[in-house]
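Reproduced below: upload-v8.pdb, with PDB, C-alpha atoms.
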```pdb
ATOM      1  CA  MET A 259       8.797   0.717 -51.835
ATOM      2  CA  SER A 260       8.778   2.009 -55.374
ATOM      3  CA  THR A 261       6.523   5.019 -55.573
ATOM      4  CA  SER A 262       5.710   4.201 -59.164
ATOM      5  CA  ALA A 263       4.318   0.887 -57.960
ATOM      6  CA  ALA A 264       1.651   2.815 -56.088
ATOM      7  CA  ARG A 265       0.138   4.108 -59.311
ATOM      8  CA  ARG A 266      -2.934   2.659 -60.918
ATOM      9  CA  VAL A 267      -5.308   3.671 -63.648
ATOM     10  CA  LEU A 268      -8.879   4.340 -62.627
ATOM     11  CA  GLY A 269     -12.043   3.414 -64.381
ATOM     12  CA  GLU A 270     -13.598   6.279 -66.260
ATOM     13  CA  THR A 271     -16.492   6.621 -63.801
ATOM     14  CA  GLU A 272     -14.323   6.920 -60.672
ATOM     15  CA  LEU A 273     -13.897  10.657 -60.511
ATOM     16  CA  PRO A 274     -12.936  11.944 -57.066
ATOM     17  CA  ASP A 275     -14.759  14.831 -55.444
ATOM     18  CA  THR A 276     -11.711  16.577 -54.011
ATOM     19  CA  GLU A 277      -9.548  19.669 -54.222
ATOM     20  CA  TYR A 278      -7.906  19.983 -57.588
ATOM     21  CA  ILE A 279      -5.687  22.050 -59.813
ATOM     22  CA  VAL A 280      -5.585  22.047 -63.606
ATOM     23  CA  LEU A 281      -2.232  21.970 -65.396
ATOM     24  CA  ASP A 282      -1.393  22.834 -68.963
ATOM     25  CA  SER A 283       0.940  20.682 -71.049
ATOM     26  CA  GLU A 284       3.990  22.268 -69.383
ATOM     27  CA  ASP A 285       2.672  21.663 -65.871
ATOM     28  CA  ARG A 286       1.713  25.302 -65.371
ATOM     29  CA  ILE A 287      -1.249  25.800 -63.077
ATOM     30  CA  VAL A 288      -4.108  27.242 -65.099
ATOM     31  CA  ARG A 289      -6.958  26.753 -62.638
ATOM     32  CA  VAL A 290      -7.618  25.757 -59.022
ATOM     33  CA  SER A 291     -10.769  24.336 -57.467
ATOM     34  CA  PRO A 292     -13.138  26.971 -56.042
ATOM     35  CA  ASP A 293     -12.759  25.697 -52.471
ATOM     36  CA  ARG A 294      -9.000  26.245 -52.669
ATOM     37  CA  TYR A 295      -9.089  29.409 -54.724
ATOM     38  CA  GLU A 296      -8.236  31.777 -51.872
ATOM     39  CA  ALA A 297      -5.274  29.662 -50.810
ATOM     40  CA  LEU A 298      -3.914  28.782 -54.228
ATOM     41  CA  ALA A 299      -4.987  31.572 -56.586
ATOM     42  CA  HIS A 300      -1.524  33.106 -56.411
ATOM     43  CA  TRP A 301      -0.110  29.863 -57.845
ATOM     44  CA  VAL A 302      -2.015  30.247 -61.103
ATOM     45  CA  GLY A 303       0.434  30.733 -63.971
ATOM     46  CA  ASP A 304       3.301  29.136 -62.072
ATOM     47  CA  VAL A 305       4.867  25.772 -62.806
ATOM     48  CA  LEU A 306       3.640  23.285 -60.201
ATOM     49  CA  TRP A 307       7.127  21.993 -59.411
ATOM     50  CA  ASP A 308       8.266  25.451 -58.300
ATOM     51  CA  HIS A 309       5.917  25.117 -55.343
ATOM     52  CA  LEU A 310       6.737  21.525 -54.495
ATOM     53  CA  PRO A 311      10.418  21.198 -53.624
ATOM     54  CA  GLU A 312      11.486  17.551 -53.686
ATOM     55  CA  ALA A 313       8.079  16.513 -54.992
ATOM     56  CA  PRO A 314       7.555  12.753 -55.073
ATOM     57  CA  GLU A 315       9.104  11.072 -58.100
ATOM     58  CA  SER A 316       5.780   9.419 -58.871
ATOM     59  CA  PHE A 317       4.147  12.713 -59.860
ATOM     60  CA  GLY A 318       5.833  13.066 -63.242
ATOM     61  CA  PRO A 319       5.170   9.500 -64.490
ATOM     62  CA  CYS A 320       1.625   9.730 -63.132
ATOM     63  CA  PHE A 321       0.937  12.875 -65.139
ATOM     64  CA  ALA A 322       2.633  11.439 -68.224
ATOM     65  CA  GLU A 323       0.644   8.214 -68.020
ATOM     66  CA  ALA A 324      -2.632  10.095 -67.716
ATOM     67  CA  ARG A 325      -1.774  12.277 -70.703
ATOM     68  CA  ILE A 326      -0.615   9.352 -72.844
ATOM     69  CA  THR A 327      -3.447   6.989 -72.033
ATOM     70  CA  GLY A 328      -6.192   9.584 -71.791
ATOM     71  CA  ARG A 329      -7.330   7.889 -68.586
ATOM     72  CA  ALA A 330      -7.369   8.929 -64.959
ATOM     73  CA  VAL A 331      -4.315   7.707 -63.069
ATOM     74  CA  GLU A 332      -4.120   7.492 -59.315
ATOM     75  CA  SER A 333      -1.100   7.543 -57.029
ATOM     76  CA  LEU A 334      -0.661   7.480 -53.278
ATOM     77  CA  PHE A 335       2.200   9.551 -52.000
ATOM     78  CA  PHE A 336       3.728  10.980 -48.856
ATOM     79  CA  TYR A 337       4.711  14.619 -48.892
ATOM     80  CA  ALA A 338       5.088  17.297 -46.222
ATOM     81  CA  GLY A 339       3.917  14.954 -43.479
ATOM     82  CA  ARG A 340       0.781  13.910 -45.297
ATOM     83  CA  LEU A 341      -0.396  10.802 -47.060
ATOM     84  CA  GLN A 342      -2.453  11.871 -50.036
ATOM     85  CA  ARG A 343      -4.139  10.331 -53.010
ATOM     86  CA  LEU A 344      -3.341  12.115 -56.252
ATOM     87  CA  THR A 345      -5.592  11.510 -59.213
ATOM     88  CA  ALA A 346      -4.537  12.923 -62.574
ATOM     89  CA  ILE A 347      -7.484  13.211 -64.960
ATOM     90  CA  PRO A 348      -7.048  14.314 -68.559
ATOM     91  CA  ALA A 349      -9.531  17.095 -69.295
ATOM     92  CA  VAL A 350     -10.385  19.324 -72.216
ATOM     93  CA  ASP A 351      -8.480  22.291 -70.829
ATOM     94  CA  GLY A 352      -5.524  20.401 -69.398
ATOM     95  CA  LEU A 353      -4.727  17.823 -66.756
ATOM     96  CA  ALA A 354      -6.894  18.008 -63.650
ATOM     97  CA  VAL A 355      -4.935  16.891 -60.600
ATOM     98  CA  HIS A 356      -7.022  16.022 -57.562
ATOM     99  CA  PHE A 357      -5.558  15.717 -54.083
ATOM    100  CA  GLU A 358      -7.271  13.853 -51.272
ATOM    101  CA  LEU A 359      -5.837  13.822 -47.745
ATOM    102  CA  LEU A 360      -5.765  10.254 -46.406
ATOM    103  CA  GLY A 361      -3.633  10.590 -43.314
ATOM    104  CA  GLU A 362      -1.131  12.758 -41.484
ATOM    105  CA  LEU A 363       2.064  12.104 -39.633
ATOM    106  CA  ASP A 364       1.567  12.743 -35.914
ATOM    107  CA  VAL A 365       4.879  13.909 -34.465
ATOM    108  CA  THR A 366       3.535  14.710 -30.986
ATOM    109  CA  THR A 367       5.428  11.882 -29.282
ATOM    110  CA  LEU A 368       7.623   8.996 -30.382
ATOM    111  CA  GLY A 369       4.595   6.760 -29.854
ATOM    112  CA  THR A 370       2.273   8.769 -32.099
ATOM    113  CA  LEU A 371       5.070   9.156 -34.639
ATOM    114  CA  THR A 372       5.634   5.404 -34.760
ATOM    115  CA  GLU A 373       1.934   4.606 -34.994
ATOM    116  CA  SER A 374       1.093   7.168 -37.661
ATOM    117  CA  LEU A 375       4.162   6.319 -39.737
ATOM    118  CA  ALA A 376       3.266   2.627 -39.586
ATOM    119  CA  GLN A 377      -0.220   3.425 -40.881
ATOM    120  CA  ILE A 378       1.187   5.517 -43.710
ATOM    121  CA  GLU A 379       3.722   2.834 -44.632
ATOM    122  CA  ALA A 380       0.993   0.175 -44.559
ATOM    123  CA  ALA A 381      -1.201   2.251 -46.850
ATOM    124  CA  LEU A 382       1.653   2.795 -49.288
ATOM    125  CA  ALA A 383       2.691  -0.861 -49.144
ATOM    126  CA  GLY A 384      -0.908  -2.009 -49.569
ATOM    127  CA  ARG A 385      -1.326   0.041 -52.677
ATOM    128  CA  ALA A 386       1.989  -1.203 -54.034
ATOM    129  CA  SER A 387       0.843  -4.804 -53.656
ATOM    130  CA  GLU A 388      -2.405  -4.170 -55.545
ATOM    131  CA  PRO A 389      -2.405  -5.551 -59.066
ATOM    132  CA  HIS A 390      -2.543  -2.937 -61.779
ATOM    133  CA  ASP A 391      -5.912  -2.403 -63.377
ATOM    134  CA  SER A 392      -5.998  -4.673 -66.402
ATOM    135  CA  ARG A 393      -7.447  -1.826 -68.472
ATOM    136  CA  ALA A 394      -4.317   0.163 -67.704
ATOM    137  CA  LEU A 395      -2.063  -2.658 -68.846
ATOM    138  CA  ALA A 396      -4.161  -3.105 -71.941
ATOM    139  CA  SER A 397      -3.986   0.568 -72.781
ATOM    140  CA  LEU A 398      -0.218   0.634 -72.290
ATOM    141  CA  GLN A 399       0.215  -2.485 -74.450
ATOM    142  CA  ALA A 400      -1.767  -0.796 -77.204
ATOM    143  CA  LEU A 401       0.765   2.002 -77.425
ATOM    144  CA  PRO A 402       3.094   1.934 -80.423
TER     145      PRO A 402
ATOM    146  CA  MET B 249      27.529  18.406 -19.092
ATOM    147  CA  ALA B 250      27.860  21.633 -21.078
ATOM    148  CA  VAL B 251      24.581  23.381 -21.649
ATOM    149  CA  THR B 252      23.601  26.426 -23.612
ATOM    150  CA  VAL B 253      21.206  28.138 -21.278
ATOM    151  CA  GLU B 254      18.799  30.754 -22.520
ATOM    152  CA  ALA B 255      18.993  34.159 -20.873
ATOM    153  CA  THR B 256      15.328  33.887 -19.974
ATOM    154  CA  PRO B 257      13.322  30.751 -19.327
ATOM    155  CA  HIS B 258      11.247  29.407 -22.204
ATOM    156  CA  PHE B 259       8.317  29.386 -19.813
ATOM    157  CA  VAL B 260       7.650  29.441 -16.068
ATOM    158  CA  LEU B 261       5.307  27.301 -13.971
ATOM    159  CA  ASP B 262       3.958  27.975 -10.500
ATOM    160  CA  ASP B 263       3.759  25.232  -7.870
ATOM    161  CA  SER B 264       0.477  24.004  -9.391
ATOM    162  CA  ASP B 265       1.970  23.654 -12.866
ATOM    163  CA  ARG B 266       0.119  26.716 -14.080
ATOM    164  CA  ILE B 267       1.846  28.721 -16.793
ATOM    165  CA  VAL B 268       2.806  32.076 -15.311
ATOM    166  CA  GLY B 269       5.508  33.392 -17.616
ATOM    167  CA  ALA B 270       7.242  32.985 -20.958
ATOM    168  CA  SER B 271      10.227  34.343 -22.837
ATOM    169  CA  PRO B 272       9.553  36.993 -25.490
ATOM    170  CA  ALA B 273      10.140  34.374 -28.182
ATOM    171  CA  ALA B 274       7.595  32.037 -26.620
ATOM    172  CA  GLN B 275       4.929  34.632 -25.874
ATOM    173  CA  ALA B 276       2.920  33.737 -28.969
ATOM    174  CA  ILE B 277       2.540  30.188 -27.741
ATOM    175  CA  PHE B 278       2.263  30.628 -24.003
ATOM    176  CA  ALA B 279       0.787  34.089 -23.357
ATOM    177  CA  PRO B 280      -2.752  32.962 -24.295
ATOM    178  CA  LEU B 281      -2.303  30.063 -21.875
ATOM    179  CA  PHE B 282      -1.226  32.043 -18.803
ATOM    180  CA  GLY B 283      -3.037  30.768 -15.723
ATOM    181  CA  GLN B 284      -3.773  27.379 -17.238
ATOM    182  CA  ILE B 285      -2.266  24.111 -16.090
ATOM    183  CA  ILE B 286       0.302  23.112 -18.661
ATOM    184  CA  TRP B 287      -0.820  19.472 -18.795
ATOM    185  CA  ASP B 288      -4.314  20.587 -19.749
ATOM    186  CA  CYS B 289      -2.857  22.546 -22.646
ATOM    187  CA  PHE B 290      -0.395  19.896 -23.848
ATOM    188  CA  ARG B 291      -2.025  16.655 -22.738
ATOM    189  CA  ASP B 292       0.374  14.295 -24.461
ATOM    190  CA  SER B 293       3.334  15.937 -22.769
ATOM    191  CA  LYS B 294       2.561  15.048 -19.161
ATOM    192  CA  ALA B 295       4.152  11.603 -19.088
ATOM    193  CA  LEU B 296       7.207  12.917 -20.917
ATOM    194  CA  PHE B 297       7.950  15.963 -18.788
ATOM    195  CA  GLN B 298       6.180  15.906 -15.439
ATOM    196  CA  PRO B 299       8.462  13.314 -13.755
ATOM    197  CA  TYR B 300      11.482  15.552 -14.406
ATOM    198  CA  TYR B 301       9.691  18.680 -13.193
ATOM    199  CA  ASP B 302       8.593  16.858 -10.037
ATOM    200  CA  SER B 303      12.149  15.672  -9.484
ATOM    201  CA  ALA B 304      13.492  19.222  -9.796
ATOM    202  CA  ARG B 305      10.995  20.449  -7.201
ATOM    203  CA  GLU B 306      11.596  17.546  -4.824
ATOM    204  CA  THR B 307      15.364  17.911  -4.904
ATOM    205  CA  SER B 308      15.432  21.705  -5.322
ATOM    206  CA  GLN B 309      18.077  21.033  -7.946
ATOM    207  CA  PRO B 310      18.047  21.715 -11.697
ATOM    208  CA  VAL B 311      17.128  18.679 -13.743
ATOM    209  CA  GLU B 312      18.227  18.326 -17.322
ATOM    210  CA  PHE B 313      16.999  15.847 -19.885
ATOM    211  CA  VAL B 314      16.628  15.274 -23.617
ATOM    212  CA  GLN B 315      13.162  14.598 -24.937
ATOM    213  CA  PHE B 316      11.268  14.188 -28.188
ATOM    214  CA  TYR B 317       8.062  16.189 -28.442
ATOM    215  CA  GLN B 318       6.095  17.718 -31.306
ATOM    216  CA  GLY B 319       8.674  16.716 -33.877
ATOM    217  CA  VAL B 320      11.615  18.186 -32.001
ATOM    218  CA  VAL B 321      14.452  16.623 -30.018
ATOM    219  CA  GLY B 322      15.460  19.146 -27.431
ATOM    220  CA  ARG B 323      17.393  19.528 -24.228
ATOM    221  CA  ILE B 324      15.174  20.680 -21.397
ATOM    222  CA  ARG B 325      16.394  22.141 -18.133
ATOM    223  CA  ALA B 326      13.967  22.548 -15.254
ATOM    224  CA  VAL B 327      15.284  24.989 -12.637
ATOM    225  CA  PRO B 328      13.517  25.502  -9.304
ATOM    226  CA  ALA B 329      13.211  29.182  -8.396
ATOM    227  CA  GLY B 330      11.349  29.579  -5.134
ATOM    228  CA  GLN B 331       7.792  28.405  -5.645
ATOM    229  CA  ARG B 332       8.277  28.502  -9.386
ATOM    230  CA  LEU B 333       9.872  26.240 -11.921
ATOM    231  CA  GLU B 334      11.744  27.810 -14.824
ATOM    232  CA  ILE B 335      11.893  25.741 -17.987
ATOM    233  CA  TYR B 336      14.755  26.375 -20.396
ATOM    234  CA  SER B 337      14.981  24.600 -23.715
ATOM    235  CA  GLU B 338      17.436  24.101 -26.518
ATOM    236  CA  GLU B 339      16.370  22.602 -29.832
ATOM    237  CA  PHE B 340      18.731  19.930 -31.166
ATOM    238  CA  LEU B 341      16.872  18.541 -34.125
ATOM    239  CA  ARG B 342      13.575  18.980 -35.905
ATOM    240  CA  LEU B 343      12.100  16.134 -37.947
ATOM    241  CA  ASP B 344      11.990  16.732 -41.691
ATOM    242  CA  PRO B 345       8.629  15.420 -42.923
ATOM    243  CA  LEU B 346       8.872  16.805 -46.469
ATOM    244  CA  THR B 347       9.703  13.439 -48.032
ATOM    245  CA  LEU B 348       9.798   9.889 -46.687
ATOM    246  CA  GLU B 349      13.543   9.755 -47.308
ATOM    247  CA  GLY B 350      14.106  12.960 -45.349
ATOM    248  CA  LEU B 351      11.803  11.767 -42.615
ATOM    249  CA  TYR B 352      13.586   8.425 -42.221
ATOM    250  CA  SER B 353      16.937  10.183 -42.144
ATOM    251  CA  SER B 354      15.847  12.692 -39.509
ATOM    252  CA  ILE B 355      14.198   9.961 -37.407
ATOM    253  CA  SER B 356      17.479   8.056 -37.507
ATOM    254  CA  ASP B 357      19.332  11.174 -36.349
ATOM    255  CA  ALA B 358      16.747  11.777 -33.622
ATOM    256  CA  VAL B 359      17.016   8.235 -32.318
ATOM    257  CA  ALA B 360      20.824   8.495 -32.310
ATOM    258  CA  LEU B 361      20.587  11.722 -30.314
ATOM    259  CA  LEU B 362      18.193  10.225 -27.790
ATOM    260  CA  GLU B 363      20.273   7.060 -27.441
ATOM    261  CA  GLY B 364      23.457   9.109 -27.142
ATOM    262  CA  HIS B 365      21.947  11.159 -24.381
ATOM    263  CA  GLU B 366      20.739   8.042 -22.588
ATOM    264  CA  ALA B 367      24.230   6.538 -22.775
ATOM    265  CA  GLU B 368      25.667   9.809 -21.488
ATOM    266  CA  MET B 369      23.246   9.760 -18.569
ATOM    267  CA  HIS B 370      24.228   6.182 -17.710
ATOM    268  CA  ARG B 371      27.933   7.089 -17.784
ATOM    269  CA  HIS B 372      27.212  10.071 -15.543
ATOM    270  CA  ILE B 373      25.282   7.903 -13.085
ATOM    271  CA  ARG B 374      28.007   5.226 -13.053
ATOM    272  CA  GLY B 375      30.617   7.932 -12.477
ATOM    273  CA  THR B 376      28.595   9.322  -9.597
ATOM    274  CA  PHE B 377      28.325   5.860  -8.031
ATOM    275  CA  ARG B 378      32.071   5.339  -8.349
ATOM    276  CA  VAL B 379      32.706   8.652  -6.592
ATOM    277  CA  LEU B 380      30.257   7.703  -3.852
ATOM    278  CA  GLU B 381      31.771   4.229  -3.447
ATOM    279  CA  GLY B 382      35.294   5.662  -3.390
ATOM    280  CA  GLY B 383      34.306   8.196  -0.778
ATOM    281  CA  ALA B 384      32.593   5.640   1.464
TER     282      ALA B 384
END
```

Is it possible to give me this structure as structure tokens?
Amino acid sequence: MSTSAARRVLGETELPDTEYIVLDSEDRIVRVSPDRYEALAHWVGDVLWDHLPEAPESFGPCFAEARITGRAVESLFFYAGRLQRLTAIPAVDGLAVHFELLGELDVTTLGTLTESLAQIEAALAGRASEPHDSRALASLQALP
Amino acid sequence: MAVTVEATPHFVLDDSDRIVGASPAAQAIFAPLFGQIIWDCFRDSKALFQPYYDSARETSQPVEFVQFYQGVVGRIRAVPAGQRLEIYSEEFLRLDPLTLEGLYSSISDAVALLEGHEAEMHRHIRGTFRVLEGGA
């Protein structure tokens, strides 16, 4: 499945209530959400990618699309055993990137591994088959 | 079958499957569980491991097998020692869940290991039968 296919642009009112970080234009972390401050405060000032080896390829285009369109862009991705929803929201002080945990790989037994991986694959495939938000297409078509 | 055997057992069970000992490296995991029945502590493991442990006790012979558990493919050796059962382990492969690509690749390797071990076991059993038939 193409990870970029899992992206979609959100309506302006669909703002997630989740953990987030705020990135500057060079993807440096300038702020973290209060509930994650203790865990992530030491990341502030660092480039996000330095902390995410082999980060999903969809991250970069997702961030770029949000910055270009000025709209929130959502992407489902698998990383470090977790299925998460990433929502990149352009903000005054940078790009707010929200992460929401949707599922986890269960490696206890081959059975739990198979079942949890199937659920993750189905979620990723389901999102890939969703049509893009027409507002997103319209905004992209309006670009020079 | 060549086996790398640890100098000390990974952990030790009494005849009721209670955890009564652990290697220094495994103390962090097992020391808080001393006195508890292992299947109560690792519920999903019972079907995977208990038949082999029972077999080792019943035959009073070491039993060796390869199993997948908690993201690891490992070789387990259950060795009867009086009323106790010493469990030695050797890690072969750990799943890599960082990315889907890495995960798929490591699952493929894990399956190959498990299938290879199964084939090895079948060859060993067939060889044993041939020896028995030849000796009859």

Of A:Ala338, A:Leu360, A:Ala297, A:Ile347, the one nearest to chain B when counting only C-alpha atoms is A:Ala338

Give me the residues of chain B that have any atom at most 7 Å from an atom of chain A; for each, the nearest atom pair and the distance in Å, rounded to one decimal. Use all atoms listed in the file, sort by chain and number, and format it as a tab-separated table.
```
residue	atom	partner	partner_atom	distance
B:Phe316	CA	A:Thr367	CA	6.4
B:Tyr317	CA	A:Thr367	CA	5.1
B:Gln318	CA	A:Thr366	CA	4.0
B:Gly319	CA	A:Val365	CA	4.8
B:Pro345	CA	A:Gly339	CA	4.8
B:Leu346	CA	A:Ala338	CA	3.8
B:Thr347	CA	A:Tyr337	CA	5.2
B:Leu348	CA	A:Phe336	CA	6.5
```

Dump of C-alpha atoms for the selected residues, as an mmCIF file, keeping the file's coordinate frame:
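Contents of the output file part.cif:
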```cif
data_model
loop_
_atom_site.group_PDB
_atom_site.id
_atom_site.type_symbol
_atom_site.label_atom_id
_atom_site.label_comp_id
_atom_site.auth_asym_id
_atom_site.auth_seq_id
_atom_site.Cartn_x
_atom_site.Cartn_y
_atom_site.Cartn_z
ATOM 1 C CA PHE B 316 11.268 14.188 -28.188
ATOM 2 C CA TYR B 317 8.062 16.189 -28.442
ATOM 3 C CA GLN B 318 6.095 17.718 -31.306
ATOM 4 C CA GLY B 319 8.674 16.716 -33.877
ATOM 5 C CA PRO B 345 8.629 15.420 -42.923
ATOM 6 C CA LEU B 346 8.872 16.805 -46.469
ATOM 7 C CA THR B 347 9.703 13.439 -48.032
ATOM 8 C CA LEU B 348 9.798 9.889 -46.687
#
```

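With atom CA of Cys289 of chain B on one side and atom CA of His258 of chain B on the other, the separation reads 15.7 Å.
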
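Our summary of the geometry notes that atom CA of Ser316 of chain A is positioned 27.3 Å from atom CA of Glu296 of chain A.
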
Computed gap from atom CA of Asp262 of chain B to atom CA of Ile286 of chain B is 10.2 Å

Show me, as a list in words, the residues that have an atom within 7 Å of Val268 of chain B when counting all atoms listed in the file, minus same-chain residues fewer than 4 positions from it. Val260, Leu261, Asp262, Phe282 and Gly283 of chain B

Excluding Asp288 of chain B and its own-chain neighbours fewer than 5 positions away, which residues fall within 10 Å of it when counting only C-alpha atoms? Please give them as a ChimeraX atom specification. /B:265-266,281,293-294

I'd like to know which of A:Thr372, A:Ala380, A:Ala299, A:Val355 is closest to Ile355 of chain B, using only C-alpha atoms. A:Thr372

Using the chain letters and residue numbers of this document, give as a list in words the residues selected by the PyMOL selection byres ((chain B and resi 343) around 9).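 Applied to this file, the PyMOL selection byres ((chain B and resi 343) around 9) selects Val365 of chain A; Gly319, Val320, Val321, Leu341, Arg342, Asp344, Pro345, Gly350, Leu351, Tyr352, Ser353, Ser354, Ile355, Asp357 and Ala358 of chain B.
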
Taking the file above as input, evaluate the PyMOL selection byres ((chain B and resi 337) around 6) and report the hits as a list in words. Arg323, Ile324, Tyr336 and Glu338 of chain B

With distances taken over all atoms listed in the file, which of A:Asp282, A:Glu277, A:Glu373, A:Glu323 is nearest to Arg294 of chain A?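 Closest to Arg294 of chain A of all the choices is A:Glu277.
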
Edge lengths and centre in Å to one decimal, as JSON, of the axis-aligned box that encloses all listed atoms of segment 290-297 of chain A with 4 Å added on every side?
```
{"center_x": -9.2, "center_y": 28.1, "center_z": -54.9, "size_x": 15.9, "size_y": 15.4, "size_z": 16.2}
```

Apply the PyMOL selection byres ((chain B and resi 312) around 6) to the file shown and report the selected residues as an MDAnalysis selection string. chainID B and resid 311 313 324:325

Write the selection just made, keeping C-alpha atoms, as a PDB file, keeping the file's coordinate frame?
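So selection-v2.pdb came out as:
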```pdb
ATOM      1  CA  VAL B 311      17.128  18.679 -13.743  1.00  0.00           C
ATOM      2  CA  PHE B 313      16.999  15.847 -19.885  1.00  0.00           C
ATOM      3  CA  ILE B 324      15.174  20.680 -21.397  1.00  0.00           C
ATOM      4  CA  ARG B 325      16.394  22.141 -18.133  1.00  0.00           C
TER       5      ARG B 325
END
```

Within-9 Å shell of (-7.6, 16.7, -63.0) in input frame, only C-alpha atoms, as a PyMOL selection string: chain A and resi 278-281+330+345-349+352-356
